[in-house]
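Below: the structure, in structure tokens.
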Amino acid sequence: MIRALTPADAPLTVRSFFEGGQPGPLTATMAHVPELLNATMPFVGTALSPAALNFREKELIILRTSVLQRCRYCVGTHSVVALQAKLSDAEIEALRSPEIPADLFSDREQVLLQWVDRLAQTAAPLTDDARKELLEHFEEHEVVDLLICSGATVMLNRYATALELPMAAAHVEVLTEKGWLG
Amino acid sequence: MSGLAAQLGAAMEAGRLSSRLWLYSNYHCNLACTYCLTESSPTAPPRQLTKDRMVALARQAKGLGFQSIGVTGGEPFLRPDLVSVLTTIATELPLLVLTNGTLFNPRRVAAMQPLLAGPNGVSLQISLDSARAEDNDALRGADNFQRVAEAVPRLLAAGFHVRVAATLDDAHPETDPELQRLLDSWGVAREDQLLRPVVHRGRAVMNTMGVEAGSAQLGAELTLTSAGAFWSPFGPTYREGKLETDLLLVRRTEPLSGVANALMGLLNARPELASDPAGFV
């Protein structure tokens, strides 16, 4: 839909993103607005990386949110990243399905995933009971991390879906091998 | 003086940043020169900076310590509001306007008199590429030579400071005695007779003309267009209708302090830039 910029036409103020060769499509398209790229990539990198929550919990949030948002690019990419976060094939397949089997995840993770579903699927007000249940399993700083990660993922879902960003060839290879493409 | 203005001033003092802020007033033009950086032509999209924005930017530039404003295009004088824009800007800072010199009939020159009344100088830089009409017109269009030959003496007689710049497909143009004699005869001062190479960007790429010019070859001359802020006036060029983005800094143009911060960040992070710069004019 829009051109991915290359190292040859990378704007001066974002050339560092291109120094290792052609970057991914998020970066290469966002580079059309250098100040957005310079602000967004550090933010997204922080929001989606382990912070208060660990790598596994972050990938539960990102992959499940992307599934509910039906973002082909993010589901494919983060199915591969979830493998790197040591999620099992069965856990990833469960996250990619409409309903998640209860026995695959811990109580804490189930509460996390219920919140991800709420945040990604509805704009309706959240109930006090839901908040109370979340705070029984997560501390305040963990809740902040969950909410920002979920919101940043939705933003990227909308961006990648609207632009039909192509997945990296290496990711397509893994997804094909696992039978997760499509 | 703000910290940013002090930084800009130091960079200007050290010759690492031009003290002139460039504004692309518009991109359309009544000519379609073979080497045009911006693919300007009568059918090019105008891509105008509004009068309000140009004036606001000139005021902010003055506050940050810039010492002059350059206006280029496209052909700026195709804008009906240009004299009004320039007259207002010239109350802030000295002004250099690049023009093809084809629109200065006696009525137009008379209407430009308010430009001479302001507190700051206004210079017009007119393009002419050869002392031979046929050679010039092959590059710049039919009757161009004749129109410039009429305009330059007329503008000088009206009291304008006029420079004439020849753009040559030669990496190191030094002298053109024939052109020098012609410009002498028109009364153009020697220091206002400029020679510069075609730059290999925009339409010059399609016509395989010009010298390569990236950030390593070009001096830092902050340049603003309707599409954003650029390293140099050689930056916001178009090829086959697409903006060339390699010299883009940021998409916003205001506040100018934010744009200048982005430029200073680049200059500080990459001291190799602008180590041996070539200027736009």
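For the structure tokens, the naming scheme is as follows: chains receive sequential letters (A, B, ...) according to their order of presentation, residues are indexed from 1 within each chain, and ligands are indexed from 1 in presentation order.
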>> Quick one: residues within 8 Å of stretch 133-139 of chain A, only C-alpha atoms, excluding same-chain residues fewer than 4 positions away - as a list in words?
In response: Arg108, Val111, Leu112, Trp115, Asp129 and Val143 of chain A
For the selection just defined, write its residues with N, CA and C atoms to a file, as a PDB file, in the first residue's frame.
```pdb
ATOM      1  N   ARG A 108      -2.884 -17.360  37.450  1.00  0.00           N
ATOM      2  CA  ARG A 108      -2.456 -15.980  37.169  1.00  0.00           C
ATOM      3  C   ARG A 108      -2.534 -15.693  35.663  1.00  0.00           C
ATOM      4  N   VAL A 111      -6.131 -15.272  34.446  1.00  0.00           N
ATOM      5  CA  VAL A 111      -6.660 -13.935  34.758  1.00  0.00           C
ATOM      6  C   VAL A 111      -6.093 -12.908  33.771  1.00  0.00           C
ATOM      7  N   LEU A 112      -4.807 -13.047  33.492  1.00  0.00           N
ATOM      8  CA  LEU A 112      -4.159 -12.157  32.518  1.00  0.00           C
ATOM      9  C   LEU A 112      -4.868 -12.242  31.163  1.00  0.00           C
ATOM     10  N   TRP A 115      -8.238 -10.637  31.001  1.00  0.00           N
ATOM     11  CA  TRP A 115      -8.119  -9.182  30.866  1.00  0.00           C
ATOM     12  C   TRP A 115      -7.726  -8.779  29.449  1.00  0.00           C
ATOM     13  N   ASP A 129     -15.569  -5.986  39.997  1.00  0.00           N
ATOM     14  CA  ASP A 129     -15.172  -7.376  40.286  1.00  0.00           C
ATOM     15  C   ASP A 129     -13.981  -7.788  39.432  1.00  0.00           C
ATOM     16  N   VAL A 143       0.069  -4.322  36.546  1.00  0.00           N
ATOM     17  CA  VAL A 143      -1.163  -3.915  35.841  1.00  0.00           C
ATOM     18  C   VAL A 143      -0.835  -2.839  34.801  1.00  0.00           C
TER      19      VAL A 143
END
```
>> Can you tell me which residues surround B:Ser232 at a distance of at most 12 Å, considering only C-alpha atoms, apart from same-chain residues fewer than 2 positions away, and format the answer as a ChimeraX atom specification?
In response: /A:12 /B:17-18,20-24,70,213-225,228-230,234-237,245-249,263,273-274,277-281
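The closest residue to A:Phe43, picked from A:Ile2, A:Ala102, A:Ile148, A:Leu68 and counting only C-alpha atoms, is A:Ile148.
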With the cut-off set at 6 Å and counting only C-alpha atoms, tabulate each residue of chain A with an atom at most that distance from an atom of chain B, showing the nearest atom pair and its distance in Å to one decimal, ordered by chain and increasing number, as JSON lines.
```
{"residue": "A:Asp9", "atom": "CA", "partner": "B:Asp246", "partner_atom": "CA", "distance": 4.3}
{"residue": "A:Ala10", "atom": "CA", "partner": "B:Asp246", "partner_atom": "CA", "distance": 5.0}
{"residue": "A:Pro11", "atom": "CA", "partner": "B:Asp246", "partner_atom": "CA", "distance": 4.4}
{"residue": "A:Leu12", "atom": "CA", "partner": "B:Leu247", "partner_atom": "CA", "distance": 5.6}
{"residue": "A:Thr13", "atom": "CA", "partner": "B:Leu249", "partner_atom": "CA", "distance": 5.4}
{"residue": "A:Val33", "atom": "CA", "partner": "B:Arg251", "partner_atom": "CA", "distance": 5.8}
{"residue": "A:Pro34", "atom": "CA", "partner": "B:Val250", "partner_atom": "CA", "distance": 5.4}
{"residue": "A:Glu35", "atom": "CA", "partner": "B:Val250", "partner_atom": "CA", "distance": 5.7}
```
Output file for the selection above: N, CA and C atoms, as a short mmCIF file (atom, residue, chain, number, x, y, z; two decimals), in the first residue's frame:
```cif
data_model
loop_
_atom_site.label_atom_id
_atom_site.label_comp_id
_atom_site.auth_asym_id
_atom_site.auth_seq_id
_atom_site.Cartn_x
_atom_site.Cartn_y
_atom_site.Cartn_z
N ASP A 9 17.11 5.53 0.61
CA ASP A 9 16.24 6.71 0.74
C ASP A 9 15.77 6.93 2.18
N ALA A 10 16.49 6.35 3.13
CA ALA A 10 16.16 6.56 4.54
C ALA A 10 16.42 8.00 4.94
N PRO A 11 15.46 8.67 5.56
CA PRO A 11 15.69 10.04 6.02
C PRO A 11 16.88 10.11 6.98
N LEU A 12 17.58 11.24 6.93
CA LEU A 12 18.81 11.40 7.71
C LEU A 12 18.63 11.11 9.19
N THR A 13 17.51 11.58 9.74
CA THR A 13 17.32 11.48 11.19
C THR A 13 16.93 10.08 11.66
N VAL A 33 7.71 9.18 8.23
CA VAL A 33 7.53 10.27 9.20
C VAL A 33 8.61 10.08 10.28
N PRO A 34 9.80 10.62 10.05
CA PRO A 34 10.93 10.29 10.92
C PRO A 34 10.68 10.55 12.39
N GLU A 35 10.02 11.65 12.71
CA GLU A 35 9.82 11.94 14.14
C GLU A 35 8.89 10.91 14.79
#
```
>> Applying 8 Å and only C-alpha atoms, which residues near A:Leu113 remain after dropping the ones on its own chain fewer than 6 positions away? List them as a VMD selection string.
In response: chain A and resid 60 to 61 64
May I have the selected residues written with C-alpha atoms, as a short mmCIF file (atom, residue, chain, number, x, y, z; two decimals), in the first residue's frame?
```
data_model
loop_
_atom_site.label_atom_id
_atom_site.label_comp_id
_atom_site.auth_asym_id
_atom_site.auth_seq_id
_atom_site.Cartn_x
_atom_site.Cartn_y
_atom_site.Cartn_z
CA LEU A 60 0.75 -14.06 26.00
CA ILE A 61 -0.63 -10.52 25.89
CA ARG A 64 -3.65 -13.14 22.17
#
```
> Using only C-alpha atoms, which residues sit within 10 Å of B:His200 once same-chain residues fewer than 2 positions away are excluded, as a PyMOL selection string?
Replying inline: chain B and resi 35-37+169+197-198+202-214+234
> When DSSP works through the backbone of this structure, what residues of stretch 67-193 of chain B end up as alpha helix (DSSP H), shown as a ChimeraX atom specification?
Replying inline: /B:82-89,106-111,133-140,144-158,177-186
> Which residues come within 9 Å of A:Glu164, counting only C-alpha atoms, excluding same-chain residues fewer than 4 positions away, as a ChimeraX atom specification?
Replying inline: /A:1,72-73,159-160
How about saving the chosen residues, C-alpha atoms kept, as an mmCIF file, in the first residue's frame?
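And here is the file that came out, part_13.cif:
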```cif
data_model
loop_
_atom_site.group_PDB
_atom_site.id
_atom_site.type_symbol
_atom_site.label_atom_id
_atom_site.label_comp_id
_atom_site.auth_asym_id
_atom_site.auth_seq_id
_atom_site.Cartn_x
_atom_site.Cartn_y
_atom_site.Cartn_z
ATOM 1 C CA MET A 1 0.000 0.000 0.000
ATOM 2 C CA ARG A 72 -2.224 -11.561 10.283
ATOM 3 C CA TYR A 73 1.209 -9.915 10.438
ATOM 4 C CA TYR A 159 -1.205 -0.339 11.535
ATOM 5 C CA ALA A 160 0.025 -3.694 10.210
#
```
> Do you know which residues are at most 12 Å from A:Leu83 counting only C-alpha atoms, after dropping those on the same chain fewer than 6 positions away, and could you put them as a PyMOL selection string?
Replying inline: chain A and resi 55-56+59-60+63+76-77+89-93+171+174-175+178
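One distance worth recording is that between atom CA of A:Gln121 and atom CA of A:Gln69, which is 7.9 Å.
Picture a line from atom CA of B:Leu86 to atom CA of B:Leu139; it runs 28.4 Å.
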>> Quick one: residues within 12 Å of stretch 116-120 of chain B, only C-alpha atoms, excluding same-chain residues fewer than 3 positions away - as a ChimeraX atom specification?
In response: /B:67-69,83,86-96,109-113,123-124,155-156,158-161
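Minimum atom-to-atom distance to B:Pro177, evaluated using only C-alpha atoms, belongs to B:Ser130 out of B:Leu115, B:Ser130, B:Asp143, B:Gly241.
Counting only C-alpha atoms and comparing A:Asp145, A:Asp103, A:Glu109, A:Glu177, the residue that lies closest to A:Leu48 is A:Asp145.
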> So how far away is atom CA of B:Leu194 from atom CA of B:Glu13, in Å?
Replying inline: 23.7 Å
